[in-house]
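Q: What follows is a single structure, and I will ask about it in a moment.
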Protein chains: 2
Amino acid sequence: MPAPRIVVLAGGVGGAKFVRGLRQHCRTVWPDGQGGTTALITVVVNTGDDLWLAGLRITPDLDSLLYALAGVNDTARGWGRAGESERVSGELTAYGVGWPWFTLGDLDLGTHIARTALLKQGLPLSAVVERLSARWPLGVRLVPATDDEVETHVLVHEDGEARELHFEEWWVRTRAKLAAERFVQAGAESAQPAPAVAPALAAADVVLLAPSNPVVSIGTILGVPGLRDALLATPAPIIGVSPIIGGSAVRGMADACLKAIGVATSADAVGRHYGARSSGGLLDGWLVDRSDAAVVEGLTADGIPSRAVPLWMHDDTASAAIAAEALALAER
Amino acid sequence: MPAPRIVVLAGGVGGAKFVRGLRQHCRTVWPDGQGGTTALITVVVNTGDDLWLAGLRITPDLDSLLYALAGVNDTARGWGRAGESERVSGELTAYGVGWPWFTLGDLDLGTHIARTALLKQGLPLSAVVERLSARWPLGVRLVPATDDEVETHVLVHEDGEARELHFEEWWVRTRAKLAAERFVQAGAESAQPAPAVAPALAAADVVLLAPSNPVVSIGTILGVPGLRDALLATPAPIIGVSPIIGGSAVRGMADACLKAIGVATSADAVGRHYGARSSGGLLDGWLVDRSDAAVVEGLTADGIPSRAVPLWMHDDTASAAIAAEALALAER
């Protein structure tokens with residue numbers, strides 16, 4: 001197989017782990033002789049968590065990928081920059097500006113300020129991401145799902161009142177404890193995929209759905225008008241990796257999101273939610289964890305060729321093995 | 001004398017030292033029984049140095065006053081916050097955003113981010129300054145000369161080409177070494193004084209011109225359309241304090257500014273530049289340093305009642321003594 005053109009749809013932290021593994025796998029199988037790979041990896045990243053806070057544009061998932069791929073992420077804490085401090089945040093709190101429960105690290109703020117300055121210069125988000133990415137040899141192209149401001153809002157009841165919260169407020173302040181009645185993509189009407197998305201999908205040899213949140217990461221990417229159609233138009237096989245292992249979300253609080261859309265927290269239900277491509281769904285293949293091996297036969301029989309492999313992304317090597325399995329499933 | 005209403009026109013660092021002294025003097029003479037003063041001090045602050053940098057609105061002189069009056073300024077370095085760090089700035093430089101020669105400390109950036117966020121909410125600069133000031137018991141009301149964006153630009157020749165630099169670029173990057181051919185107040189046409197300026201001047205018992213740069217601090221304040229008229233309409237005496245001692249600027253590079261407007265760097269020339277109020281100028285009184293005692297007689301004879309007193313602001317006590325002399329001169 002020649003070096004493939006791979007497109008990954010991904011959310012933040014889980015997506016970052018998966019893409020690091022994919023990059024490692026590609027460097028091994030299709031080396032460029034300089035430590036990189038001749039495989040072309042394009043990651044279409046969820047932008048639904050993006051928000052304006054304290055006058056700054058913050059893009060949590062893009063940053064998770066940027067930092068993890070640059071190797072400057074905090075692996076112990078699981079998010080943000082390594083060696084982070086919060087001196088600026090302390091000042092903002094003292095002035096009563098921002099959300100006191102939403103941590104803005106100093107190094108992280110450097111990214112937010114740079115991003116906001118470039119956006120104010122009139123650059124679309126895609127171009128801003130390209131500029132910020134150029135600081136490090138990522139070996140991967142990051143593309144926002146859309147350049148438009150489409151933000152995920154969550155309809156909840158709080159203290160007896162119906163409220164519409166920004167996703168980050170629901171996720172971080174309430175720890176997803178208020179039942180999500182519905183997710184809405186505010187601003188989606190007039191949005192379109194970022195310019196690089198459709199060409200990348202059209203030229204892809206394989207498309208991978210990272211083990212990211214099926215609702216507020218992958219679901220939000222697919223909710224950008226035109227993006228689902230662009231995905232379905234790809235000649236490449238689409239392989240998904242389950243974010244659910246043994247009936248619970250590996251990271252985050254995916255169950256609270258799945259509940260809102262009436263999908264059970266299981267590898268089987270999420271696979272069926274994405275659906276068989278042969279029946280108008282997305283999947284040409286589905287990877288589930290070994291512990292979920294029992295669902296493989298039924299899913300395969302229903303048109304979603306599935307395989308059970310170890311899905312815990314303990315480290316890059318484990319993630320690389322998962323990426324290898326996904327590519328192998330695409331070959332079949 | 002009952003507790004007076006005092007208005008001070010001031011630039012940054014020199015203005016801050018003077019106002020700290022004035023506040024101390026008032027606390028002593030007109031105490032409020034709780035460590036403060038019943039005197040009302042309003043400081044009209046130069047906004048000509050303000051700029052947009054990295055998408056943030058920065059107001060150098062207002063910040064110098066805010067930090068010095070709050071007691072959080074770096075007295076050793078002479079500007080910015082005490083205990084400052086530059087982690088965010090390092091990130092911005094790594095991303096290629098901002099001016100690498102313009103230091104933005106982390107604590108200072110907290111103020112800039114908060115200010116920009118409040119401006120984006122639609123608050124005028126006056127209201128933003130009030131919000132930020134509320135964090136500390138300043139004992140002084142800070143008012144920007146104008147809520148409009150009027151920025152001081154400097155016409156120079158650099159590498160043989162005529163250029164128009166922002167004042168901060170000329171001041172910080174070139175250290176005022178490129179000869180200033182002219183200063184312009186970009187945006188002044190449509191500007192007006194901040195709403196609090198004229199009422200404060202109309203109600204004042206005394207107006208003081210701090211020993212700030214006569215061209216790019218006091219001169220810029222007076223250049224806001226309508227402000228000079230509001231000043232001249234005050235029934236209060238106007239007393240100036242010379243920023244020039246023994247033929248050289250006490251702080252900064254005032255000589256480079258004075259040269260551009262054809263005024264000699266001397267207490268005498270600056271006094272005459274402001275002019276006698278009785279002849280259409282500003283001054284009802286002028287304080288010069290002891291070392292400039294020789295000019296007192298001539299200035300006084302020409303309608304500018306002058307006095308020679310120690311003008312070095314070594315510490316708050318020295319500054320308080322100068323403020324006391326200025327108020328005493330106003331009484332005469």
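Scheme for the structure tokens: letters A, B, ... for chains in order shown; per-chain residue numbers from 1; ligand numbers from 1 in order shown.
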For the alpha helix (DSSP H) assignment from backbone DSSP, which residues of region 36-231 of chain B qualify? Please present them as a PyMOL selection string.
A: chain B and resi 60-70+87-95+106-120+125-133+167-168+197-203+218-223+227-231
Q: Hey, could you make a per-residue contact list for chain A against chain B with 9 Å as the cut-off, showing the nearest pair of atoms and its distance in Å to one decimal, counting only C-alpha atoms, sorted by chain and number, as a Markdown table?
A:
| residue | atom | partner | partner_atom | distance |
| --- | --- | --- | --- | --- |
| A:Leu53 | CA | B:Ala117 | CA | 8.1 |
| A:Ala54 | CA | B:Ala117 | CA | 4.9 |
| A:Gly55 | CA | B:Ala117 | CA | 4.3 |
| A:Leu56 | CA | B:Ala117 | CA | 7.8 |
| A:Ser85 | CA | B:Arg87 | CA | 8.7 |
| A:Arg87 | CA | B:Leu107 | CA | 6.4 |
| A:Val88 | CA | B:Gly110 | CA | 4.8 |
| A:Ser89 | CA | B:Gly110 | CA | 7.0 |
| A:Gly90 | CA | B:Gly110 | CA | 7.9 |
| A:Glu91 | CA | B:Gly110 | CA | 5.1 |
| A:Leu92 | CA | B:Gly110 | CA | 5.6 |
| A:Ala94 | CA | B:Arg135 | CA | 7.0 |
| A:Tyr95 | CA | B:Leu132 | CA | 6.1 |
| A:Gly96 | CA | B:Ala114 | CA | 8.3 |
| A:Val97 | CA | B:Ala114 | CA | 5.9 |
| A:Gly98 | CA | B:Ala114 | CA | 8.2 |
| A:Asp106 | CA | B:Val88 | CA | 5.6 |
| A:Leu107 | CA | B:Val88 | CA | 5.5 |
| A:Asp108 | CA | B:Val88 | CA | 8.1 |
| A:Leu109 | CA | B:Val88 | CA | 6.7 |
| A:Gly110 | CA | B:Val88 | CA | 4.8 |
| A:Thr111 | CA | B:Glu91 | CA | 7.0 |
| A:Ile113 | CA | B:Ala54 | CA | 6.7 |
| A:Ala114 | CA | B:Val97 | CA | 5.9 |
| A:Thr116 | CA | B:Gly55 | CA | 6.5 |
| A:Ala117 | CA | B:Gly55 | CA | 4.3 |
| A:Leu118 | CA | B:Gly55 | CA | 8.0 |
| A:Leu119 | CA | B:Gly55 | CA | 8.9 |
| A:Lys120 | CA | B:Gly55 | CA | 6.7 |
| A:Gln121 | CA | B:Gly55 | CA | 8.5 |
| A:Arg131 | CA | B:Tyr95 | CA | 7.7 |
| A:Leu132 | CA | B:Tyr95 | CA | 6.2 |
| A:Ser133 | CA | B:Tyr95 | CA | 8.9 |
| A:Ala134 | CA | B:Tyr95 | CA | 8.3 |
| A:Arg135 | CA | B:Tyr95 | CA | 6.3 |
Q: Please report, as a VMD selection string, each residue of region 138-318 of chain B to which DSSP assigns strand (DSSP E) when run on this structure's backbone.
A: chain B and resid 141 to 144 151 to 158 161 to 166 182 to 186 206 to 209 238 to 241 244 to 245 248 to 249 285 to 289 306 to 309
Q: Between CA of Gly11 (chain A) and CA of Trp79 (chain A), what is the spacing in Å?
A: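 These atoms are spaced 12.8 Å apart.
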Q: What does the distance from CA of Ala186 (chain B) to CA of Ala276 (chain B) come to in Å, to one decimal?
A: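 It comes out at 28.5 Å.
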Q: List the neighbours of region 279-295 of chain A out to 9 Å using only C-alpha atoms; skip same-chain residues closer than 5 positions along the sequence, and give me the result as a CSV table (one decimal) with all heavy atoms, in the first residue's frame.
A:
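The file below, around.csv, is the result:
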chain,number,residue,atom,x,y,z
A,228,ARG,N,-21.8,16.4,6.4
A,228,ARG,CA,-22.2,15.0,6.3
A,228,ARG,C,-22.2,14.5,4.9
A,228,ARG,O,-21.8,13.4,4.5
A,228,ARG,CB,-23.5,14.8,7.0
A,228,ARG,CG,-23.9,13.3,7.2
A,228,ARG,CD,-25.3,13.2,7.8
A,228,ARG,NE,-25.7,11.8,7.8
A,228,ARG,CZ,-25.5,11.0,8.9
A,228,ARG,NH1,-25.0,11.6,10.0
A,228,ARG,NH2,-25.8,9.7,8.9
A,231,LEU,N,-18.8,14.1,3.6
A,231,LEU,CA,-18.2,12.8,4.1
A,231,LEU,C,-18.8,11.6,3.3
A,231,LEU,O,-18.0,10.7,2.9
A,231,LEU,CB,-18.6,12.7,5.6
A,231,LEU,CG,-18.2,11.3,6.3
A,231,LEU,CD1,-16.7,11.1,6.2
A,231,LEU,CD2,-18.6,11.3,7.7
A,232,LEU,N,-20.1,11.6,3.1
A,232,LEU,CA,-20.7,10.5,2.4
A,232,LEU,C,-20.3,10.4,0.9
A,232,LEU,O,-20.3,9.3,0.3
A,232,LEU,CB,-22.2,10.5,2.5
A,232,LEU,CG,-22.7,10.2,3.9
A,232,LEU,CD1,-24.2,10.4,4.1
A,232,LEU,CD2,-22.4,8.8,4.3
A,237,PRO,N,-13.2,4.3,2.3
A,237,PRO,CA,-13.9,3.6,3.4
A,237,PRO,C,-13.9,4.5,4.6
A,237,PRO,O,-12.9,5.2,4.8
A,237,PRO,CB,-13.1,2.3,3.6
A,237,PRO,CG,-11.8,2.5,3.0
A,237,PRO,CD,-12.0,3.5,1.9
A,238,ILE,N,-14.9,4.4,5.4
A,238,ILE,CA,-15.0,5.2,6.6
A,238,ILE,C,-15.0,4.2,7.8
A,238,ILE,O,-15.9,3.3,7.9
A,238,ILE,CB,-16.3,6.0,6.7
A,238,ILE,CG1,-16.4,6.9,5.5
A,238,ILE,CG2,-16.4,6.8,8.0
A,238,ILE,CD1,-17.7,7.7,5.3
A,239,ILE,N,-14.0,4.3,8.6
A,239,ILE,CA,-13.9,3.3,9.7
A,239,ILE,C,-14.0,4.1,11.0
A,239,ILE,O,-13.3,5.1,11.3
A,239,ILE,CB,-12.5,2.7,9.7
A,239,ILE,CG1,-12.2,2.1,8.3
A,239,ILE,CG2,-12.4,1.6,10.8
A,239,ILE,CD1,-13.1,0.9,7.9
A,240,GLY,N,-14.9,3.6,11.9
A,240,GLY,CA,-15.0,4.3,13.2
A,240,GLY,C,-14.4,3.5,14.3
A,240,GLY,O,-14.2,2.3,14.2
A,241,VAL,N,-14.0,4.2,15.4
A,241,VAL,CA,-13.4,3.6,16.6
A,241,VAL,C,-14.3,3.9,17.7
A,241,VAL,O,-14.6,5.1,18.0
A,241,VAL,CB,-12.0,4.1,16.8
A,241,VAL,CG1,-11.4,3.4,18.1
A,241,VAL,CG2,-11.1,3.9,15.6
A,242,SER,N,-14.8,2.9,18.4
A,242,SER,CA,-15.7,3.1,19.5
A,242,SER,C,-15.1,3.9,20.7
A,242,SER,O,-14.1,3.5,21.2
A,242,SER,CB,-16.3,1.8,20.0
A,242,SER,OG,-17.1,2.1,21.1
A,243,PRO,N,-15.8,4.9,21.1
A,243,PRO,CA,-15.4,5.6,22.3
A,243,PRO,C,-15.9,5.0,23.6
A,243,PRO,O,-15.6,5.4,24.7
A,243,PRO,CB,-15.9,7.0,22.1
A,243,PRO,CG,-17.2,6.8,21.4
A,243,PRO,CD,-17.0,5.6,20.5
A,244,ILE,N,-16.8,4.0,23.4
A,244,ILE,CA,-17.4,3.3,24.5
A,244,ILE,C,-16.7,1.9,24.7
A,244,ILE,O,-16.6,1.2,23.7
A,244,ILE,CB,-18.9,3.1,24.3
A,244,ILE,CG1,-19.6,4.4,23.9
A,244,ILE,CG2,-19.6,2.5,25.5
A,244,ILE,CD1,-19.5,5.5,25.0
A,245,ILE,N,-16.3,1.6,25.9
A,245,ILE,CA,-15.7,0.3,26.2
A,245,ILE,C,-16.5,-0.3,27.4
A,245,ILE,O,-16.6,0.3,28.4
A,245,ILE,CB,-14.2,0.5,26.6
A,245,ILE,CG1,-13.4,1.0,25.4
A,245,ILE,CG2,-13.6,-0.8,27.1
A,245,ILE,CD1,-11.9,1.2,25.6
A,246,GLY,N,-17.0,-1.5,27.1
A,246,GLY,CA,-17.7,-2.2,28.2
A,246,GLY,C,-18.8,-1.4,28.8
A,246,GLY,O,-19.0,-1.4,30.0
A,247,GLY,N,-19.5,-0.6,28.0
A,247,GLY,CA,-20.7,0.1,28.5
A,247,GLY,C,-20.5,1.4,29.2
A,247,GLY,O,-21.4,1.9,29.8
A,266,SER,N,-23.2,2.1,24.8
A,266,SER,CA,-22.6,0.8,24.5
A,266,SER,C,-21.9,0.9,23.1
A,266,SER,O,-22.4,1.7,22.2
A,266,SER,CB,-23.6,-0.3,24.5
A,266,SER,OG,-24.4,-0.3,23.3
A,267,ALA,N,-20.9,0.1,22.9
A,267,ALA,CA,-20.2,0.1,21.6
A,267,ALA,C,-21.2,-0.3,20.5
A,267,ALA,O,-21.2,0.2,19.3
A,267,ALA,CB,-19.1,-0.9,21.6
A,268,ASP,N,-22.1,-1.2,20.8
A,268,ASP,CA,-23.1,-1.7,19.9
A,268,ASP,C,-24.1,-0.5,19.5
A,268,ASP,O,-24.3,-0.3,18.3
A,268,ASP,CB,-23.9,-2.8,20.5
A,268,ASP,CG,-24.9,-3.4,19.5
A,268,ASP,OD1,-24.4,-4.1,18.6
A,268,ASP,OD2,-26.1,-3.3,19.7
A,271,GLY,N,-22.3,2.2,17.4
A,271,GLY,CA,-22.1,1.7,16.1
A,271,GLY,C,-23.4,1.8,15.2
A,271,GLY,O,-23.4,2.3,14.1
A,272,ARG,N,-24.5,1.4,15.8
A,272,ARG,CA,-25.7,1.4,15.1
A,272,ARG,C,-26.2,2.9,14.9
A,272,ARG,O,-26.9,3.2,13.9
A,272,ARG,CB,-26.8,0.6,15.9
A,272,ARG,CG,-26.5,-0.9,15.8
A,272,ARG,CD,-27.5,-1.7,16.6
A,272,ARG,NE,-27.0,-3.1,16.7
A,272,ARG,CZ,-27.1,-4.0,15.8
A,272,ARG,NH1,-27.7,-3.7,14.7
A,272,ARG,NH2,-26.6,-5.2,16.0
A,273,HIS,N,-25.9,3.7,15.9
A,273,HIS,CA,-26.2,5.1,15.7
A,273,HIS,C,-25.5,5.7,14.5
A,273,HIS,O,-26.1,6.4,13.7
A,273,HIS,CB,-25.9,5.9,17.0
A,273,HIS,CG,-25.9,7.4,16.9
A,273,HIS,ND1,-27.0,8.1,16.6
A,273,HIS,CD2,-24.9,8.3,17.0
A,273,HIS,CE1,-26.7,9.4,16.5
A,273,HIS,NE2,-25.4,9.6,16.7
A,274,TYR,N,-24.2,5.5,14.4
A,274,TYR,CA,-23.5,5.9,13.2
A,274,TYR,C,-24.1,5.2,11.9
A,274,TYR,O,-24.3,5.8,10.9
A,274,TYR,CB,-22.0,5.6,13.2
A,274,TYR,CG,-21.3,6.5,14.2
A,274,TYR,CD1,-20.2,6.1,14.9
A,274,TYR,CD2,-21.6,7.9,14.3
A,274,TYR,CE1,-19.4,6.9,15.7
A,274,TYR,CE2,-20.8,8.8,15.1
A,274,TYR,CZ,-19.8,8.3,15.8
A,274,TYR,OH,-19.1,9.1,16.6
A,300,THR,N,-21.8,-6.9,12.4
A,300,THR,CA,-21.3,-7.3,11.1
A,300,THR,C,-22.5,-7.9,10.2
A,300,THR,O,-22.6,-7.5,9.0
A,300,THR,CB,-20.2,-8.4,11.2
A,300,THR,OG1,-19.2,-7.8,12.0
A,300,THR,CG2,-19.6,-8.7,9.9
A,303,GLY,N,-24.5,-5.3,8.6
A,303,GLY,CA,-23.9,-4.4,7.6
A,303,GLY,C,-22.8,-3.5,8.0
A,303,GLY,O,-22.3,-2.7,7.3
A,304,ILE,N,-22.4,-3.7,9.3
A,304,ILE,CA,-21.3,-2.9,9.8
A,304,ILE,C,-20.1,-3.8,10.2
A,304,ILE,O,-20.1,-4.4,11.3
A,304,ILE,CB,-21.7,-2.0,11.1
A,304,ILE,CG1,-22.9,-1.2,10.8
A,304,ILE,CG2,-20.5,-1.2,11.6
A,304,ILE,CD1,-23.4,-0.4,12.0
A,305,PRO,N,-19.2,-4.1,9.2
A,305,PRO,CA,-18.1,-5.0,9.5
A,305,PRO,C,-17.3,-4.5,10.7
A,305,PRO,O,-16.8,-3.4,10.7
A,305,PRO,CB,-17.3,-4.9,8.2
A,305,PRO,CG,-18.2,-4.4,7.2
A,305,PRO,CD,-19.1,-3.5,7.9
A,306,SER,N,-17.3,-5.4,11.8
A,306,SER,CA,-16.7,-4.9,13.0
A,306,SER,C,-15.6,-5.9,13.4
A,306,SER,O,-15.5,-7.0,13.0
A,306,SER,CB,-17.8,-4.9,14.1
A,306,SER,OG,-18.8,-4.0,13.8
A,307,ARG,N,-14.7,-5.3,14.3
A,307,ARG,CA,-13.6,-6.2,14.9
A,307,ARG,C,-13.4,-5.7,16.3
A,307,ARG,O,-13.6,-4.6,16.6
A,307,ARG,CB,-12.3,-5.9,14.1
A,307,ARG,CG,-12.1,-6.9,13.0
A,307,ARG,CD,-10.6,-6.9,12.6
A,307,ARG,NE,-9.8,-7.7,13.5
A,307,ARG,CZ,-8.5,-7.8,13.5
A,307,ARG,NH1,-7.8,-7.1,12.5
A,307,ARG,NH2,-7.8,-8.5,14.4
A,308,ALA,N,-13.1,-6.7,17.1
A,308,ALA,CA,-12.8,-6.4,18.5
A,308,ALA,C,-11.3,-6.4,18.7
A,308,ALA,O,-10.6,-7.4,18.4
A,308,ALA,CB,-13.5,-7.4,19.4
A,309,VAL,N,-10.7,-5.3,19.2
A,309,VAL,CA,-9.3,-5.2,19.4
A,309,VAL,C,-9.1,-4.4,20.7
A,309,VAL,O,-10.1,-3.7,21.2
A,309,VAL,CB,-8.6,-4.5,18.2
A,309,VAL,CG1,-8.8,-5.2,16.9
A,309,VAL,CG2,-9.1,-3.0,18.1
A,310,PRO,N,-7.9,-4.4,21.3
A,310,PRO,CA,-7.7,-3.6,22.5
A,310,PRO,C,-7.9,-2.1,22.2
A,310,PRO,O,-7.2,-1.6,21.3
A,310,PRO,CB,-6.3,-3.9,23.0
A,310,PRO,CG,-6.0,-5.2,22.3
A,310,PRO,CD,-6.7,-5.2,21.0
A,311,LEU,N,-8.8,-1.4,22.9
A,311,LEU,CA,-9.0,0.0,22.5
A,311,LEU,C,-8.6,1.0,23.6
A,311,LEU,O,-8.8,2.2,23.5
A,311,LEU,CB,-10.5,0.2,22.3
A,311,LEU,CG,-11.1,-0.2,20.9
A,311,LEU,CD1,-12.5,0.4,20.7
A,311,LEU,CD2,-10.2,0.2,19.8
A,312,TRP,N,-8.0,0.5,24.7
A,312,TRP,CA,-7.5,1.5,25.7
A,312,TRP,C,-6.2,2.2,25.2
A,312,TRP,O,-5.3,1.5,24.8
A,312,TRP,CB,-7.2,0.8,27.0
A,312,TRP,CG,-8.4,0.4,27.8
A,312,TRP,CD1,-9.0,-0.8,27.8
A,312,TRP,CD2,-9.3,1.3,28.5
A,312,TRP,NE1,-10.1,-0.8,28.6
A,312,TRP,CE2,-10.3,0.5,29.0
A,312,TRP,CE3,-9.2,2.6,28.9
A,312,TRP,CZ2,-11.3,1.0,29.8
A,312,TRP,CZ3,-10.2,3.1,29.7
A,312,TRP,CH2,-11.3,2.4,30.1
A,322,ILE,N,-4.1,0.7,17.6
A,322,ILE,CA,-5.5,0.9,17.2
A,322,ILE,C,-5.6,1.5,15.8
A,322,ILE,O,-6.4,1.0,15.0
A,322,ILE,CB,-6.2,1.8,18.3
A,322,ILE,CG1,-6.2,1.1,19.7
A,322,ILE,CG2,-7.6,2.1,17.8
A,322,ILE,CD1,-6.6,2.0,20.8
A,325,GLU,N,-5.0,-1.1,13.3
A,325,GLU,CA,-6.2,-2.0,13.1
A,325,GLU,C,-7.3,-1.3,12.3
A,325,GLU,O,-8.0,-1.9,11.5
A,325,GLU,CB,-6.8,-2.4,14.5
A,325,GLU,CG,-5.9,-3.3,15.4
A,325,GLU,CD,-5.9,-4.7,14.9
A,325,GLU,OE1,-6.6,-5.0,13.9
A,325,GLU,OE2,-5.2,-5.5,15.5
A,326,ALA,N,-7.4,0.0,12.5
A,326,ALA,CA,-8.5,0.7,11.7
A,326,ALA,C,-8.1,0.7,10.3
A,326,ALA,O,-8.9,0.5,9.4
A,326,ALA,CB,-8.6,2.2,12.3
A,329,LEU,N,-8.7,-2.7,8.8
A,329,LEU,CA,-10.1,-2.9,8.5
A,329,LEU,C,-10.5,-2.2,7.2
A,329,LEU,O,-11.4,-2.7,6.5
A,329,LEU,CB,-10.9,-2.4,9.7
A,329,LEU,CG,-12.4,-2.8,9.8
A,329,LEU,CD1,-12.6,-4.3,9.7
A,329,LEU,CD2,-13.0,-2.3,11.1
A,330,ALA,N,-9.9,-1.0,7.0
A,330,ALA,CA,-10.3,-0.2,5.8
A,330,ALA,C,-9.8,-1.0,4.5
A,330,ALA,O,-10.4,-0.9,3.5
A,330,ALA,CB,-9.6,1.1,5.8
Q: Need the shell around region 58-68 of chain A: protein/DNA/RNA residues with any atom at most 8 Å away, counting only C-alpha atoms. Skip same-chain ones fewer than 2 positions apart. Format as a list in words?
A: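 Here the qualifying residues turn out to be Gly11, Gly12, Val13, Gly15, Ala16, Lys17, Arg20, Val45, Asn46, Thr47, Asp49, Asp50, Leu51, Trp52, Leu53, Leu56, Ala70, Gly71, Val72, Asn73, Trp79, Gly80, Arg81, His112, Ser133, Leu138, Leu142 and Pro144 of chain A.
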Q: Smallest atom-to-atom distance to Ala145 (chain A): which of A:Ala127, A:Leu9, A:Val215, A:Ala323, using only C-alpha atoms?
A: A:Leu9
Q: Residues at most 9 Å from Trp101 (chain B), counting only C-alpha atoms, excluding those fewer than 4 positions away in the same chain, as a PyMOL selection string?
A: chain B and resi 169+172-173
Q: Could you tell me how far CA of Gln185 (chain B) lies from CA of Cys257 (chain B), in Å and to one decimal?
A: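 Going from CA of Gln185 (chain B) over to CA of Cys257 (chain B), I get 14.0 Å.
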